[in-house]
Structures are given as C-alpha cells and as structure tokens.
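Quick notes on the structure that follows.
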Amino acid sequence: MDVPASVTGITMVFEPDTLREVRAVEAKSASGTDLGRNANAWRLNRSVHMGIEEQIVVLSFDDLEPGTNTVRVQQCLGPSTLDCDIWSLTVNRAAEISSGGTLVALNFGAEEVVPEFHEDTTQYAVELPAGQDRLAIEATVEPWWARVEMSGVAADGSPLSVDGNSISGIVPGTNTVEVNIVAEDGSMVSTYLASVTRAIPQGDASLHALQLSESPPSRGIMHSAAAGSLLAGNLGLTPAFAADIERYTARTTASRITLRAQAAPRSAVEVGMIEGGSNLRTIGIGADNGQFYSSTLSLDHGINTVEIAVEANEGNRRTYLLDIERYGSVSVVLWDLRVLEGKTGTVLDILPEFDPAILSYAARMRSSEVMIRHEADPEIEIGVVGRSASGEDLSVHSPTSSFLGAFVTALLNPDSNTTRFEDLPPGLNVVTVSVSGGDGKMTVYTLNLLVEE
C-alpha cells in the first residue's frame, strides 16, 4: 500500500483463521531497522468457536521511513510450527510531501450534465428539476491523500451549504458550485466550476378560497366540494380573503374550528399549527375544478398561528398564515349531532341537516332503539333527556352494551359523547340536548323522533 509522506505510522487489525494464532511478527523499515522496537500489540477476545476462544490481534507501528517498509505476520495451527502461514504487507511511504493531485472522476448526480467529465475540462453545466434543492457530488482523486474541497453560491447570492459530498440550498436560477483539488501540502492544484441551473417552479400555488367556521364540516361537504363550492364559514377573516394576500387574522371563543380551503386541481395543501393548538384531522377531495380540503383545528387560549402551504404539481409553492385568537368563554353550541337507530347503528337523516344555529330537528325511524351522538367543546356540559309520545320519561342506557356500529364510530372520534334510549313507543318521541357553559349560558336542541308502527 502507498501512504503519503505525512504518515509515519500504521495500525493493523489481524483476524487469525479459526484454530490458528499469531505466533510471530517481523517489521522492517526501509533502511532495514526493526520497527518492532516501538510497536504496540493487543489481543482482543472475539468469540468462542468449537470451545476455542478466537482473538483479534491489533498491531501498531511507528517510525515508518520513506521508501518500502515491510511487516510479516506468522500464524500457526496450535503449538506446532510445521503448519504456519506467512502474511506480508508492504508500506511504501512517499519521500516528500506531495504538491500534486489529479481528479480522475467527477459525478454531479444529475441527469443533465454537459459536457461529459474529462480531467482537462474545468467547466460544466448541470440542469436540475424545479423540486430539487440538493446535489450529491462524487469526486475521485489520485493520489488518494489529495483532498477535495467544495463551496458554492446560490442564485440569490447566499452561500450554499456543504455537508460531506452533498451541497444543499440550491435555489431556482443559476447557482455556482466550485470543486477544488488540494494537494497534501495544502496547495491548490486545480479548480472545477459547475453552473447548476434549477428550473423555475411553475403552476398555480395560490389558494382559491379560504373559510373558517366554529362548526364541523357538513355531511354534504364532499358532495359540495365536488360540485365546486365550499359551505360558508361563520368566522370573518381580516382582511377579507384574496389569493394574493398571504396573512390573516380571526377571533373566536371556540376551542375548535373548521378550516376549509380550495386550491388548483392536482395541487397539494398542507395545514399545520406552528404556534398554539393542534391539527386534529384533515379530509380532502380532488375534483376537476379544484382541490378541496377541510381541516379541524384545536385552539389554545390566546394566539394560534396556522400555516397553509400550497404546492402546485409543477413545483411552485406558496405559504399562507392565519393568526387565530381564542378569547373569552367557550362557544355554547354543539359541533355535531347524529341520530343512529337499531343495533347496527344505522345513521338516520335528520331534517334539516345539522347546523349549530338550528335548534329543532325531526327524523323518522322504525326501530325502538336509538343512539344520540353529540359533540361539543370539552369545557361545557351536555345533558340529554327524552319524553315519549304519552309524556313518560325515556330511560337512558349505556352506549357500550349495544349499537356496535355506533360504538366503533365513537371510538374513532373520542371527543364525541353518546346517549342511548331503548323501548321507544310508536308515535312522536322528543329528545332534548342541553348545552351549558360555565358562564351560565345554555343552548337547547330538540329532536322530534317519529317511531313508525
């Protein structure tokens, strides 16, 4: 092996064959002196094989001289010297510190590189797609102790980040990357330049609509979105929404809100909290007239900052920010109200469709069992009572003893509560759901359930 002039010692790790052991080591410098006089050796236990403990031998030699240095290791089978192998290593140390180095291979890790590499060609053009901001450069030099140093300047004038052979921070436009070959003595041998052009991201990355609501999405939101519209929200944005405005404020007393957004077809929208509460869940649907999203957000008291990132399918990206202030007491309304009948928990249509501002509903059913599923702010109290057509109180039962489908639904949405009634008589049965806040406010919802004979 060849080593530079700056290397004056070597360390060898020797693993003897099974059942063999290192018996003798002979090390000679280029002038014939014994390198072993300043040598260090260790035996490290590795494992037990067939009852015999195997070892790893570590040998360290200093005082290598310019020229050819030789190390010979003898390993033998058992105590006998008749069955031995000799392993030899030649170490050629350079006579003087090198001032040279040659680049023999250069790979930019990109599909479009012009021209092909040649050691005498010092300028290259590299094309990157819009979505790529990192480049892995592999450079091979001879002798191996010469080194490669890289740097670069982005198209916007900022320095590129270098981590090993990886350069990141490449921005759209023309970036400049410099690959320098440095000799063992620290002198600069040669420089290679690459103009790295990252394509300009294209496509519509703007929001087409943005709405906030204190209530959960309507059950018809997916149908509405596919038809090309969003249901109106009841929280005002300041300023009023416009695609070219990227920051808004809103105020609410609710601990949970629903954000609805629309972007261009085949784009991607990411909604996340960067300060304050949390993003509970997001649903989306793609249609020919746009990409629609509904995200449920949990808010802390004070300012909650929401980031909405839109990325077009051609790579363009845009970010919108929402500063939502939660103040005062909680909103004393239901977020959702569902009626499920029978032991399978079939969801009934209620009229009109649920809206937190509508207080009275009606539904028709054939079963004498019903589950009322109600969801609201966790900081308020909910009371559910029922009265039959004859004026008698309906008995409340545990929701876990029946209604498998409803129970599974409740497990998937742990913030909801359920109340079950059995033995509803034919006729009109009335269930009231009372929502009470700590400030004395109350909202009462009425369900008129007609049980058919």
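Residues in the structure tokens are numbered from 1 in each chain, the chains being A, B, ... in the order shown, and ligands are numbered from 1 in the order shown.
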
* How would you write, as a ChimeraX atom specification, the set of residues in stretch 26-128 of chain A that DSSP gives as helix (DSSP H, G or I)? -> /A:35-38

* Neighbour list for A:Glu142 as a PyMOL selection string, cut-off 9 Å, only C-alpha atoms, skip fewer than 6 positions in-chain -> chain A and resi 100-104

* For A:Glu15, please output as a PyMOL selection string all residues within 9 Å (counting only C-alpha atoms; exclusion window: fewer than 2 positions along the same chain). => chain A and resi 13+17-18+21-22+54-58

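Computed from the coordinates, the atom CA of A:Leu424 to atom CA of A:Ala389 distance equals 8.9 Å.
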
* To do: Do a neighbour search on A:Gln132 at 12 Å with only C-alpha atoms, toss out local chain neighbours closer than 3 positions, and write the hits as a VMD selection string.
  => chain A and resid 109 to 111 127 to 129 135 to 136 167 to 173 196 to 201 315 to 316

* Write out as a PyMOL selection string the residues lying within 6 Å of A:Ile308, counting only C-alpha atoms and excluding same-chain residues fewer than 3 positions away. => chain A and resi 270-271+319-320

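Neighbours of A:Pro352 closer than or equal to 12 Å, with only C-alpha atoms counted and sequence neighbours fewer than 4 positions away skipped, come out as A:Ser218, A:Arg219, A:Leu337, A:Leu348, A:Pro356, A:Ala357, A:Ile358, A:Leu359, A:Ser360, A:Tyr361, A:Ala362, A:Ala363, A:Thr446, A:Leu447, A:Asn448.
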
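Distance check against A:Glu96 using only C-alpha atoms: of A:Thr8, A:Ser60, A:Thr140, A:Ser206, the minimum falls on A:Thr8.
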
* To do: Would you mind listing what lies within 10 Å of A:Ser390 as a list in words, with only C-alpha atoms counted and same-chain residues fewer than 4 positions away left out?
  => Pro425, Pro426, Gly427, Leu428 and Asn429 of chain A

How about saving the chosen residues, C-alpha atoms kept, as a PDB file, in the first residue's frame?
ATOM      1  CA  PRO A 425     -93.048   3.583  21.840  1.00  0.00           C
ATOM      2  CA  PRO A 426     -94.679   4.276  18.471  1.00  0.00           C
ATOM      3  CA  GLY A 427     -95.528   7.892  17.895  1.00  0.00           C
ATOM      4  CA  LEU A 428     -93.665  11.140  18.429  1.00  0.00           C
ATOM      5  CA  ASN A 429     -90.849  10.974  20.994  1.00  0.00           C
TER       6      ASN A 429
END

* **Sel. of strand (DSSP E) residues, stretch 161-334 of chain A, as a ChimeraX atom specification** => /A:161-163,166-168,173-182,188-198,207-213,247-252,256-263,268-275,278-287,290-298,302-311,317-326,334

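One finds atom CA of A:Glu375 at 23.2 Å from atom CA of A:Asp393.
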
* Asked: Pick the closest to A:Ser98 from A:Gly186, A:Pro378, A:Gly152, A:Gly203: which is it, counting only C-alpha atoms?
  -> A:Gly186

* To do: Can you work out the spacing between atom CA of A:Val91 and atom CA of A:Gly67 in Å, to one decimal?
  => 8.0 Å

* Which one of A:Glu392, A:Ser187, A:Arg318, A:Ser161 sits closest to A:Arg147 if you count only C-alpha atoms? -> A:Ser187

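For the set A:Ala254, A:Ala125, A:Ile274, A:Ala312, the residue with the smallest atom-to-atom gap to A:Ser213 is A:Ala254, counting only C-alpha atoms.
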
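Each of A:Pro159, A:Gly272, A:Gly36, A:Pro4 was checked against A:Asn92 using only C-alpha atoms; the smallest atom-to-atom distance is that of A:Pro4.
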